[in-house]
Every structure is written in structure tokens, then in C-alpha cells.
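Heads up, work06.cif below (mmCIF, C-alpha atoms):
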```
data_structure
loop_
_atom_site.label_atom_id
_atom_site.label_comp_id
_atom_site.auth_asym_id
_atom_site.auth_seq_id
_atom_site.Cartn_x
_atom_site.Cartn_y
_atom_site.Cartn_z
CA ARG A 74 0.00 0.00 0.00
CA ALA A 75 1.19 3.49 -0.82
CA LEU A 76 0.75 5.35 2.49
CA GLY A 77 3.03 3.19 4.65
CA ASN A 78 5.52 2.65 1.86
CA ASN A 79 5.83 6.37 1.15
CA MET A 80 6.34 7.23 4.82
CA ILE A 81 9.05 4.58 5.16
CA ASN A 82 10.81 5.87 2.03
CA LEU A 83 10.54 9.46 3.25
CA THR A 84 12.04 8.19 6.56
CA GLU A 85 9.14 9.83 8.41
CA TYR A 86 7.34 6.71 9.65
CA LYS A 87 8.38 6.87 13.30
CA GLU A 88 7.65 10.60 13.63
CA VAL A 89 4.21 10.34 12.02
CA LYS A 90 3.33 7.31 14.16
CA GLU A 91 4.28 9.16 17.35
CA ALA A 92 2.43 12.35 16.34
CA LEU A 93 -0.73 10.35 15.60
CA GLU A 94 -0.48 8.49 18.90
CA GLU A 95 -0.41 11.83 20.74
CA LEU A 96 -3.67 12.68 18.92
CA GLY A 97 -5.14 9.33 19.91
CA PHE A 98 -4.94 7.64 16.48
CA ASP A 99 -3.40 4.28 15.62
CA LEU A 100 -1.34 4.45 12.41
CA ASN A 101 -1.94 0.74 11.65
CA VAL A 102 -5.69 1.28 11.70
CA ILE A 103 -5.33 4.26 9.35
CA GLU A 104 -3.10 2.26 6.99
CA ASP A 105 -5.72 -0.47 6.86
CA GLN A 106 -8.22 2.02 5.43
CA GLU A 107 -6.26 2.08 2.16
CA PRO A 108 -7.29 -0.68 -0.23
CA ASP A 109 -4.65 -2.53 -2.23
CA ALA A 110 -4.38 -0.97 -5.69
CA ALA A 111 -5.82 -3.53 -8.10
CA LEU A 112 -3.17 -3.00 -10.76
CA GLY A 113 -1.45 -6.36 -11.04
CA ASN A 114 -1.29 -9.75 -9.39
CA GLY A 115 1.06 -12.60 -8.67
CA GLY A 116 4.72 -12.47 -9.59
CA LEU A 117 4.26 -9.90 -12.35
CA GLY A 118 2.54 -7.39 -10.08
CA ARG A 119 5.00 -7.93 -7.25
CA LEU A 120 8.05 -7.61 -9.51
CA ALA A 121 6.62 -4.42 -11.06
CA ALA A 122 6.07 -2.89 -7.60
CA CYS A 123 9.55 -3.86 -6.40
CA PHE A 124 11.10 -2.75 -9.69
CA LEU A 125 9.59 0.74 -9.35
CA ASP A 126 10.66 1.06 -5.72
CA SER A 127 14.16 -0.09 -6.61
CA LEU A 128 14.51 2.23 -9.64
CA ALA A 129 13.45 5.25 -7.59
CA THR A 130 15.77 4.25 -4.72
CA LEU A 131 18.72 3.82 -7.11
CA GLY A 132 17.98 7.22 -8.68
CA TYR A 133 16.92 6.07 -12.15
CA ALA A 134 14.28 8.17 -13.91
CA ALA A 135 11.53 5.67 -14.65
CA TYR A 136 7.87 5.25 -15.43
CA GLY A 137 5.85 2.14 -14.72
CA CYS A 138 2.97 1.94 -17.19
CA GLY A 139 -0.29 0.01 -16.93
CA ILE A 140 -4.07 0.28 -16.84
CA ARG A 141 -6.18 1.97 -14.19
CA TYR A 142 -8.46 -1.01 -13.65
CA ARG A 143 -11.79 -0.33 -11.95
CA TYR A 144 -11.76 -3.82 -10.46
CA GLY A 145 -8.91 -6.11 -9.52
CA MET A 146 -9.07 -9.86 -9.90
CA PHE A 147 -11.64 -10.35 -7.14
CA LYS A 148 -12.06 -10.21 -3.39
CA GLN A 149 -12.16 -13.59 -1.78
CA LYS A 150 -14.77 -14.37 0.83
CA ILE A 151 -15.34 -17.66 2.59
CA GLU A 152 -19.03 -18.42 3.20
CA ASN A 153 -20.09 -21.74 4.71
CA GLY A 154 -16.69 -23.17 3.92
CA TYR A 155 -16.78 -22.19 0.22
CA GLN A 156 -14.79 -19.53 -1.60
CA ILE A 157 -16.99 -16.78 -3.00
CA GLU A 158 -15.49 -14.32 -5.49
CA VAL A 159 -16.84 -10.77 -5.40
CA PRO A 160 -15.67 -7.74 -7.40
CA ASP A 161 -12.86 -5.72 -5.80
CA ASN A 162 -14.07 -2.14 -6.26
CA TRP A 163 -10.87 -0.57 -4.95
CA LEU A 164 -11.58 2.88 -6.43
CA LYS A 165 -15.02 3.36 -4.89
CA ASP A 166 -13.75 5.97 -2.42
CA GLY A 167 -11.23 7.48 -4.85
CA ASN A 168 -7.45 7.21 -4.71
CA PRO A 169 -5.82 10.17 -2.94
CA PHE A 170 -2.37 9.39 -4.38
CA GLU A 171 -3.30 9.74 -8.05
CA LEU A 172 -3.21 12.85 -10.20
CA ARG A 173 -5.29 12.98 -13.39
CA ARG A 174 -3.23 14.40 -16.28
CA PRO A 175 -5.64 15.10 -19.18
CA GLU A 176 -3.04 17.30 -20.90
CA TYR A 177 -1.11 14.10 -21.77
CA ALA A 178 -4.11 12.24 -23.23
CA LYS A 179 -3.49 10.04 -26.29
CA GLU A 180 -5.79 8.51 -28.92
CA VAL A 181 -5.67 4.73 -29.41
CA LYS A 182 -7.20 3.17 -32.55
CA PHE A 183 -8.70 -0.27 -33.07
CA GLY A 184 -9.92 -2.07 -36.18
CA GLY A 185 -10.78 -0.55 -39.54
CA TYR A 186 -8.52 -1.01 -42.55
CA ILE A 187 -5.28 0.41 -43.94
CA ARG A 188 -5.33 2.58 -47.04
CA VAL A 189 -2.01 2.96 -48.85
CA GLU A 190 -1.30 6.25 -50.58
CA TYR A 191 1.85 7.21 -52.50
CA ASP A 192 3.36 10.47 -51.28
CA GLU A 193 5.10 12.35 -54.11
CA ALA A 194 7.02 14.61 -51.73
CA THR A 195 8.74 11.82 -49.80
CA LYS A 196 8.56 9.20 -52.61
CA ARG A 197 7.14 6.73 -50.08
CA ASN A 198 3.91 4.91 -49.40
CA LYS A 199 1.81 6.34 -46.58
CA PHE A 200 -0.25 3.92 -44.49
CA ILE A 201 -3.50 5.48 -43.29
CA GLN A 202 -5.86 3.72 -40.87
CA GLU A 203 -9.53 4.34 -41.70
CA GLY A 204 -12.90 3.10 -40.48
CA TYR A 205 -11.49 2.49 -37.01
CA GLN A 206 -12.94 2.89 -33.53
CA SER A 207 -10.85 4.80 -31.03
CA VAL A 208 -10.71 5.71 -27.37
CA ARG A 209 -8.91 8.45 -25.49
CA ALA A 210 -6.31 7.27 -22.99
CA ILE A 211 -6.07 9.58 -19.96
CA PRO A 212 -3.05 9.10 -17.67
CA PHE A 213 -3.35 9.04 -13.90
CA ASP A 214 0.06 9.54 -12.27
CA ILE A 215 0.91 8.01 -8.90
CA PRO A 216 4.17 9.09 -7.18
CA ILE A 217 6.75 6.39 -6.43
CA VAL A 218 9.10 7.68 -3.75
CA GLY A 219 12.73 6.53 -3.58
CA TYR A 220 14.18 5.58 -0.20
CA ASN A 221 15.71 8.56 1.58
CA ASN A 222 16.98 10.25 -1.60
CA ASN A 223 14.60 13.00 -2.85
CA VAL A 224 13.72 11.01 -6.00
CA VAL A 225 10.08 10.66 -7.00
CA ASN A 226 9.23 8.57 -10.07
CA THR A 227 5.85 7.89 -11.61
CA LEU A 228 3.51 4.96 -11.89
CA ARG A 229 1.36 5.98 -14.86
CA VAL A 230 -1.92 4.09 -15.24
CA TRP A 231 -4.19 4.85 -18.17
CA ASP A 232 -7.93 5.28 -17.97
CA ALA A 233 -10.09 5.07 -21.11
CA GLU A 234 -12.69 7.63 -22.14
CA ALA A 235 -14.97 7.80 -25.17
CA ILE A 236 -13.81 10.24 -27.84
CA ASN A 237 -17.35 10.77 -29.06
CA ASP A 238 -19.58 10.99 -26.03
CA PHE A 239 -23.22 10.09 -25.75
CA GLN A 240 -24.84 10.07 -29.22
CA LEU A 241 -28.09 11.95 -28.80
CA ASP A 242 -29.35 11.39 -32.35
CA SER A 243 -29.11 7.59 -31.92
CA PHE A 244 -30.89 7.88 -28.56
CA ASP A 245 -33.68 9.95 -30.12
CA LYS A 246 -34.18 7.26 -32.77
CA GLY A 247 -34.58 4.66 -30.05
CA ASP A 248 -31.20 3.00 -30.71
CA TYR A 249 -30.13 3.13 -27.06
CA GLN A 250 -27.35 0.60 -27.59
CA LYS A 251 -25.66 2.72 -30.26
CA ALA A 252 -26.08 5.88 -28.14
CA VAL A 253 -23.65 4.55 -25.54
CA GLU A 254 -21.53 2.32 -27.81
CA GLN A 255 -18.39 4.48 -27.60
CA GLU A 256 -18.66 4.86 -23.83
CA ASN A 257 -19.05 1.11 -23.42
CA LEU A 258 -15.99 0.41 -25.58
CA ALA A 259 -13.92 2.66 -23.30
CA ARG A 260 -15.43 1.31 -20.09
CA ASN A 261 -14.83 -2.34 -21.00
CA ILE A 262 -11.12 -1.78 -21.61
CA VAL A 263 -10.48 -0.57 -18.06
CA GLU A 264 -13.11 -2.57 -16.23
CA VAL A 265 -11.23 -5.61 -14.94
CA LEU A 266 -7.71 -7.00 -14.66
CA TYR A 267 -7.21 -10.07 -16.89
CA PRO A 268 -10.60 -10.76 -18.44
CA ASN A 269 -11.22 -14.48 -18.85
CA ASP A 270 -9.68 -15.35 -22.19
CA ASN A 271 -10.95 -18.89 -22.63
CA HIS A 272 -13.60 -17.50 -25.01
CA TYR A 273 -13.31 -15.27 -28.08
CA ALA A 274 -14.75 -12.07 -26.57
CA GLY A 275 -12.33 -12.35 -23.64
CA LYS A 276 -9.35 -12.84 -25.97
CA GLU A 277 -10.36 -9.77 -27.97
CA LEU A 278 -10.77 -7.62 -24.86
CA ARG A 279 -7.42 -8.75 -23.47
CA LEU A 280 -5.62 -7.84 -26.71
CA LYS A 281 -7.45 -4.49 -26.71
CA GLN A 282 -6.27 -3.84 -23.15
CA GLN A 283 -2.69 -4.64 -24.05
CA TYR A 284 -2.62 -2.43 -27.14
CA PHE A 285 -4.49 0.34 -25.31
CA PHE A 286 -1.94 0.90 -22.56
CA ILE A 287 1.07 0.15 -24.77
CA SER A 288 0.07 2.51 -27.58
CA ALA A 289 -0.64 5.33 -25.09
CA SER A 290 2.65 4.71 -23.22
CA VAL A 291 4.83 4.50 -26.34
CA GLN A 292 3.21 7.62 -27.81
CA ALA A 293 3.87 9.43 -24.51
CA ALA A 294 7.51 8.27 -24.36
CA VAL A 295 8.19 9.47 -27.92
CA ALA A 296 6.46 12.82 -27.25
CA LYS A 297 8.50 13.30 -24.05
CA TYR A 298 11.75 12.55 -25.90
CA LYS A 299 10.90 14.99 -28.71
CA LYS A 300 10.42 17.84 -26.24
CA ASN A 301 14.18 18.01 -25.63
CA HIS A 302 15.74 16.09 -28.53
CA SER A 303 15.45 16.58 -32.27
CA ASP A 304 16.90 13.32 -33.64
CA ILE A 305 14.46 10.44 -33.17
CA ARG A 306 17.17 8.04 -34.43
CA LYS A 307 18.88 8.44 -31.04
CA PHE A 308 15.74 7.63 -29.03
CA TYR A 309 17.37 4.49 -27.56
CA GLU A 310 20.11 6.61 -25.96
CA LYS A 311 17.50 8.04 -23.58
CA ALA A 312 14.86 5.32 -23.25
CA THR A 313 14.52 1.59 -22.66
CA PHE A 314 11.24 -0.33 -22.68
CA GLN A 315 11.50 -3.27 -20.28
CA LEU A 316 8.71 -5.66 -21.30
CA ASN A 317 7.36 -7.33 -18.16
CA ASP A 318 6.52 -10.74 -19.72
CA THR A 319 4.81 -10.94 -23.12
CA HIS A 320 1.74 -8.80 -22.27
CA PRO A 321 3.43 -5.56 -23.44
CA THR A 322 5.27 -7.10 -26.45
CA VAL A 323 3.08 -5.25 -28.93
CA ALA A 324 5.26 -2.25 -27.93
CA VAL A 325 7.82 -3.53 -30.47
CA ALA A 326 5.41 -3.08 -33.38
CA GLU A 327 3.85 0.11 -31.96
CA LEU A 328 7.27 1.79 -31.73
CA MET A 329 7.97 0.66 -35.31
CA ARG A 330 4.59 2.09 -36.42
CA ILE A 331 5.33 5.49 -34.89
CA LEU A 332 8.87 5.61 -36.29
CA LEU A 333 7.78 4.54 -39.80
CA ASP A 334 4.38 6.18 -40.23
CA GLU A 335 4.68 9.29 -38.09
CA GLU A 336 8.41 10.03 -37.91
CA GLY A 337 9.17 9.03 -41.52
CA LEU A 338 12.12 6.72 -40.83
CA GLU A 339 13.13 3.98 -43.28
CA TRP A 340 12.59 0.38 -42.14
CA ASP A 341 16.25 -0.31 -41.25
CA GLU A 342 16.54 2.93 -39.26
CA ALA A 343 13.33 2.23 -37.35
CA TRP A 344 14.36 -1.38 -36.68
CA GLU A 345 17.73 -0.27 -35.29
CA VAL A 346 16.05 2.15 -32.87
CA THR A 347 13.47 -0.46 -31.82
CA THR A 348 15.95 -3.28 -31.25
CA LYS A 349 18.14 -1.02 -29.13
CA THR A 350 15.14 0.16 -27.07
CA CYS A 351 13.23 -3.04 -26.19
CA ALA A 352 14.26 -5.69 -23.66
CA TYR A 353 12.25 -8.69 -22.48
CA THR A 354 11.81 -10.30 -19.07
CA ASN A 355 10.40 -13.83 -19.29
CA HIS A 356 8.68 -14.79 -16.04
CA THR A 357 7.58 -18.34 -16.61
CA ILE A 358 7.49 -21.07 -19.22
CA MET A 359 3.76 -21.59 -18.74
CA ALA A 360 1.68 -21.24 -21.91
CA GLU A 361 -0.15 -18.06 -20.85
CA ALA A 362 3.17 -16.25 -20.51
CA LEU A 363 4.12 -17.17 -24.08
CA GLU A 364 1.02 -15.58 -25.57
CA LYS A 365 -0.24 -16.57 -28.99
CA TRP A 366 -3.00 -14.69 -30.83
CA PRO A 367 -5.13 -16.03 -33.69
CA ILE A 368 -4.14 -14.17 -36.88
CA GLU A 369 -7.80 -13.49 -37.71
CA LEU A 370 -8.38 -11.67 -34.40
CA PHE A 371 -5.02 -9.87 -34.36
CA SER A 372 -5.14 -8.58 -37.95
CA ARG A 373 -8.75 -7.42 -37.60
CA LEU A 374 -8.19 -5.56 -34.33
CA LEU A 375 -4.72 -4.13 -35.09
CA PRO A 376 -4.42 -4.01 -38.90
CA ARG A 377 -1.33 -1.81 -39.19
CA ILE A 378 0.44 -3.50 -36.29
CA TYR A 379 -0.18 -6.87 -37.97
CA GLN A 380 1.34 -5.63 -41.26
CA ILE A 381 4.46 -4.54 -39.38
CA ILE A 382 4.77 -7.86 -37.52
CA GLU A 383 4.37 -9.70 -40.86
CA GLU A 384 7.36 -7.79 -42.23
CA ILE A 385 9.42 -8.36 -39.05
CA ASN A 386 8.59 -12.08 -39.37
CA ARG A 387 9.46 -12.20 -43.09
CA ARG A 388 12.90 -10.74 -42.43
CA PHE A 389 13.46 -12.92 -39.36
CA VAL A 390 12.57 -16.10 -41.28
CA GLU A 391 15.10 -15.06 -43.96
CA GLU A 392 17.75 -14.80 -41.24
CA ILE A 393 16.85 -18.26 -39.91
CA GLN A 394 17.07 -19.69 -43.44
CA LYS A 395 20.49 -18.10 -43.97
CA LYS A 396 21.82 -19.55 -40.73
CA TYR A 397 20.12 -22.95 -41.04
CA PRO A 398 19.61 -23.56 -44.79
CA GLY A 399 16.84 -26.04 -45.57
CA ASN A 400 15.93 -26.54 -41.90
CA GLN A 401 12.14 -26.16 -41.96
CA GLU A 402 11.93 -27.38 -38.37
CA LYS A 403 13.81 -24.28 -37.14
CA ILE A 404 11.29 -22.03 -38.91
CA ARG A 405 8.39 -23.97 -37.41
CA LYS A 406 9.82 -23.54 -33.93
CA MET A 407 11.03 -19.93 -34.21
CA ALA A 408 8.83 -17.98 -36.64
CA ILE A 409 6.82 -15.13 -35.13
CA ILE A 410 3.80 -15.91 -37.33
CA TYR A 411 3.16 -19.61 -37.88
CA ASP A 412 0.28 -22.03 -37.98
CA GLY A 413 -2.39 -19.30 -37.88
CA GLN A 414 -0.93 -17.63 -34.79
CA VAL A 415 1.10 -14.57 -33.82
CA LYS A 416 3.64 -15.63 -31.19
CA MET A 417 4.46 -12.75 -28.86
CA ALA A 418 7.44 -14.30 -27.03
CA HIS A 419 9.14 -14.90 -30.38
CA LEU A 420 8.58 -11.26 -31.33
CA ALA A 421 10.03 -10.08 -27.98
CA ILE A 422 13.18 -12.21 -28.39
CA CYS A 423 13.67 -11.30 -32.05
CA ALA A 424 13.37 -7.54 -31.33
CA GLY A 425 14.84 -7.29 -27.81
CA TYR A 426 18.49 -6.57 -27.08
CA SER A 427 18.26 -8.51 -23.81
CA VAL A 428 16.23 -11.55 -22.71
CA ASN A 429 16.29 -12.48 -19.06
CA GLY A 430 14.80 -15.15 -16.86
CA VAL A 431 14.02 -14.38 -13.23
CA ALA A 432 15.97 -17.09 -11.39
CA ALA A 433 19.17 -18.97 -12.21
CA LEU A 434 17.34 -22.28 -12.68
CA HIS A 435 14.57 -20.66 -14.71
CA THR A 436 17.04 -18.96 -17.08
CA GLU A 437 18.88 -22.27 -17.61
CA ILE A 438 15.57 -23.97 -18.48
CA LEU A 439 14.86 -21.20 -21.01
CA LYS A 440 18.31 -21.61 -22.59
CA ASN A 441 18.37 -25.42 -22.65
CA GLN A 442 14.71 -26.29 -23.23
CA GLU A 443 11.91 -23.81 -23.90
CA LEU A 444 13.87 -21.21 -25.90
CA LYS A 445 16.81 -23.40 -26.89
CA ASP A 446 16.60 -22.57 -30.61
CA PHE A 447 16.68 -18.85 -29.89
CA TYR A 448 19.57 -19.25 -27.44
CA GLU A 449 21.59 -21.20 -30.03
CA MET A 450 21.00 -18.51 -32.65
CA MET A 451 21.56 -15.44 -30.43
CA PRO A 452 23.24 -16.48 -27.15
CA GLU A 453 24.51 -12.93 -26.50
CA LYS A 454 20.96 -11.75 -25.72
CA PHE A 455 20.30 -14.18 -22.87
CA ASN A 456 21.08 -13.36 -19.24
CA ASN A 457 19.69 -13.89 -15.77
CA LYS A 458 18.31 -11.37 -13.28
CA THR A 459 17.22 -13.10 -10.10
CA ASN A 460 13.99 -11.55 -8.83
CA GLY A 461 14.83 -9.53 -5.76
CA ILE A 462 12.35 -8.21 -3.26
CA THR A 463 12.11 -4.67 -1.93
CA GLN A 464 12.99 -5.24 1.70
CA ARG A 465 11.06 -2.18 2.84
CA ARG A 466 7.93 -3.26 0.95
CA PHE A 467 8.37 -6.82 2.25
#
```
Here is a file; write its structure as C-alpha cells.
Amino acid sequence: RALGNNMINLTEYKEVKEALEELGFDLNVIEDQEPDAALGNGGLGRLAACFLDSLATLGYAAYGCGIRYRYGMFKQKIENGYQIEVPDNWLKDGNPFELRRPEYAKEVKFGGYIRVEYDEATKRNKFIQEGYQSVRAIPFDIPIVGYNNNVVNTLRVWDAEAINDFQLDSFDKGDYQKAVEQENLARNIVEVLYPNDNHYAGKELRLKQQYFFISASVQAAVAKYKKNHSDIRKFYEKATFQLNDTHPTVAVAELMRILLDEEGLEWDEAWEVTTKTCAYTNHTIMAEALEKWPIELFSRLLPRIYQIIEEINRRFVEEIQKKYPGNQEKIRKMAIIYDGQVKMAHLAICAGYSVNGVAALHTEILKNQELKDFYEMMPEKFNNKTNGITQRRF
């Protein structure tokens, strides 16, 4: 929880506790009033929290980026000996630590199609997304205080708002569903952490969530860089995107999209920037951490992103063929797009400059079993970072 953690890191805990006691208040009781922020769970959430604390304490300038979920996984209750799951409405009384920053809002687009237009001036094709739906991503910034060092970093969680609000004309015609369609699209994205993805609608929502917070975060990072620096080709000198498992891997293609379509870089220039910016932490060898998306869903929801991943894959497969001529088995095991699926872990390894496991044993399993083919082809990328724990938070 933020209150206790911030007081410890400001080295004010003892003084505040004593002052409250004089007033007849118990600090522990006050701390218990703060709900846990429902922003992550399990190892991923814990590592993210410790990572942010550690970065601030070590004096690195860092942002942690995610979604401002209305509901966490669930609250667990035991009734008559059975577990009952109820929604965890952690924001019902507001969150005093967050600051809404509408001036940094970004637009995120889903669906539609890509129109290609030749630009005489630049002698290049322009890729224009049309017929899409979009939402506005609004950042809420939460301070992350370093331990005893005057550093305050930012946890930036994105909320979604409709770009076109309530449609009165649809409402007047009796089409009540269409009147609130845009608002519902936005609301669904930020409603709940990890929607169930064992059905199609859940898969689609989960991919929307991932692209939503990644697109907003990457756009914000590029805009922040451009405020003080004119050469986008040197972006990687000032920024690294550490991908916390495969959920944010679409950042690879989103950065490429911005560099190609908005900044006007050539493919090789954009690829150099991207591959020097992205790094990948693999948390587990379980299937859900090596996400795969059906091509049909991925290309329909993110048409331009899919085109870019297709080209990354085409070039990567060429590399594999050069290194292992005639070895179809290597392509089957390593291609980013294969067998009707887009494989996010493969994209992260292909594009990342560093791939780490989170324990010595885990990293060895990655190198010798799960990701053996990748390790054999690019051993210099693989390394281990044993998950630490923030002692103060612990």
C-alpha cells in the first residue's frame, strides 16, 4: 500500500506514528483504510512494484505503465466453507495518491482497414488507418518515492474515455445501444484486470487492453523525448522499454509504427532504434506467458500492427534460413507468425536486445529447453536477473 511505503521511504514513519499516537490515532488502523491498488497480481505485479521502488531508490528516472483497472481480480470471501469471489471495487472511495493528467491524453485506434497512398514529396507509401474505432487514454500519475533520496518517479496508469460521447441522435431514434456504444468500448477496456480469455470475446478484450496501454505509453515516451531532442534516431540513448513478460510485447510493433508512419524513418533505421530500445523479461514457461493470438483476431483488431509484424517475421525467417539452410523445423519452432498464430514471445526475443529469466534455474531452463533454438541462434541476448524483493515493501 502506498501510504506506509511512502512514509518509510521518506524516513518519516516513526515521527508520524508518534504524532498520531499523541492525537489518539493508531497508524496501523489508518493504513488499513487504504485498499490494495488492483493494478497487477502474482509475480508480475510484485516484480513491477519492487522494480519501481528499486529504480526510484537507485535514482533512475523511470515510469511504470499500466491500466487503471476499476476492479482487480476479485475479493475472496469464505461463506459456509466455500470460496466466493466478489468484485474488488478498490476505487469506490477514490485514490488520494493519483493525479489525473488530461493534458497528456493520447488517442488509441482499433480495427478498420489500412489505405495505402503514395506520397510524391517523400517518394514513399503512406499507411492510413480508416474506419477504425478509437478511445482516449487519460493518464493518472501516482508518485513512487525513492528511499531517503529525494527522487520521486511515476507509476502511470491509463484510464479510457470515449472520444465521441453520448450520441443523442441515436438515442432519439430509439437505438439506445448505439447511443452509448463508444462509452461502453472505453469502459470495457479498463473494467477488470485479466478478463477471462478462454472464449473469443475475452481474448479480444485482453488484446485491446494490451494495445491500449502500450500505444498510449509508447506515444507518450516518444512525445516526451521529442520535447528536448530533435533526432528520433537516437531515441534508444534516452529510453529503454523493459517488457514485463509478453503482455506488453506489442510495444515492439507500436514503436515501429510510430517511427515509420509518423516520424518518416526507413525500415532499417526504425528497426535499429526499436531493437536497441526493447528488452524482455520472461517470467515463466507456462503457456499463458508465451502468448499466442489467432491471426484473424489480431489482424482485424490491429491491422497496421499486424502488417508490421508480418514484415518483421518475413525478415526474421530469412535470417533463420540463412543460418540454417533447408531446416524447416527451425522455422516452425522460431517464426513469429506460424500455424495461424502470432507468437508474442518470439517477437520479444527477435526484437529485444536482452532476454532475461528471473531465477538462475529458470534462465537455464529457457536456454536449454523452452527457448533453446533462440539461445543457439543469439546467445549474446540471454542473461539472468534473479527476482529480488524490496525489503522495505516486504
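For the structure in this document, the set picked by the PyMOL selection byres ((chain A and resi 189-195) around 12) is Tyr186, Ile187, Arg188, Lys196, Arg197, Asn198, Lys199, Phe200, Ile201, Gln202, Glu203, Asp334, Gly337, Leu338, Glu339, Arg377 and Gln380 of chain A.
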- Item | A:Cys138, A:Leu374, A:Val89, A:Ala433 ranked by distance to Ala294 in chain A, top pick (using all atoms listed in the file) |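 Counting all atoms listed in the file, the residue closest to Ala294 in chain A is A:Cys138.
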- Expansion of the PyMOL selection byres ((chain A and resi 316-329) around 8) into residues, as a PyMOL selection string: chain A and resi 117+121+283-284+287-288+291+314-315+330-333+343-344+347+351-356+362-364+378+381-382+417-418+420-421+424
- Message: as JSON, numbers by chain, please: the residues near Asp270 in chain A (cut-off 12 Å, all atoms listed in the file, same-chain neighbours under 4 positions excluded).
- Response: {"A": [266, 274, 275, 276, 277, 278, 279, 280, 281, 361, 364, 365, 366]}
- Target residues per the PyMOL selection byres ((chain A and resi 386) around 9), formatted as a count of residues only: 15
- Item | Gap from CA of Arg141 in chain A to CA of Arg229 in chain A - Å, one decimal |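 Separating CA of Arg141 in chain A from CA of Arg229 in chain A is a distance of 8.6 Å.
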- Query: Using only C-alpha atoms, which of A:Ser427, A:Gln156, A:Asn456, A:Leu370 sits nearest Val415 in chain A?
  - Reply: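 Nearest to Val415 in chain A: A:Leu370.
Proximity of A:Gln282, A:Thr436, A:Ser127, A:Asn441 to Asn457 in chain A, computed with all atoms listed in the file, is greatest for A:Thr436.
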- Quick one: of A:Leu444, A:Leu83, A:Ala259, A:Ile217, who's nearest to Ile236 in chain A, counting only C-alpha atoms?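 Among A:Leu444, A:Leu83, A:Ala259, A:Ile217, it is A:Ala259 that comes nearest to Ile236 in chain A.
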- Query: Which residue, A:Glu95, A:Glu256, A:Asp232, A:Asp109, has the smallest gap to Trp163 in chain A when you use only C-alpha atoms?
  - Reply: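 Using only C-alpha atoms, the shortest distance to Trp163 in chain A belongs to A:Asp109.
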- Message: So, with all atoms listed in the file as the atoms that count, which of A:Leu375, A:Met450, A:Val225, A:Phe98 lies closest to Lys395 in chain A?
- Response: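 When distances to Lys395 in chain A are compared using all atoms listed in the file, the smallest one comes from A:Met450.
Proximity to Thr463 in chain A at 10 Å, evaluated using only C-alpha atoms and with sequence-adjacent residues fewer than 6 positions away removed, yields Arg119, Leu120, Ala122, Cys123, Phe124, Leu125, Asp126 and Ser127 of chain A.
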- When you draw a straight line from CA of Glu104 in chain A to CA of Tyr86 in chain A, how long is it in Å?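 Taking CA of Glu104 in chain A and CA of Tyr86 in chain A, their separation equals 11.7 Å.
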- Query: Any idea what the distance is between CA of Gln401 in chain A and CA of Ile422 in chain A?
  - Reply: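 Calculated distance between CA of Gln401 in chain A and CA of Ile422 in chain A is 19.5 Å.
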- Any idea what's packed within 12 Å of Asp304 in chain A, counting all atoms listed in the file, ignoring anything in its chain fewer than 2 positions away? Could you give it as a VMD selection string? chain A and resid 295 298 to 302 306 to 311 332 336 to 338 342 346
What box, with edges along x, y and z, holds each listed atom of range 328-335 of chain A when 5 Å is added on every side, and can you state its centre and edge lengths in Å to one decimal, as AutoDock Vina command-line options?
```
--center_x 6.6 --center_y 5.0 --center_z -36.0 --size_x 14.5 --size_y 18.6 --size_z 18.5
```
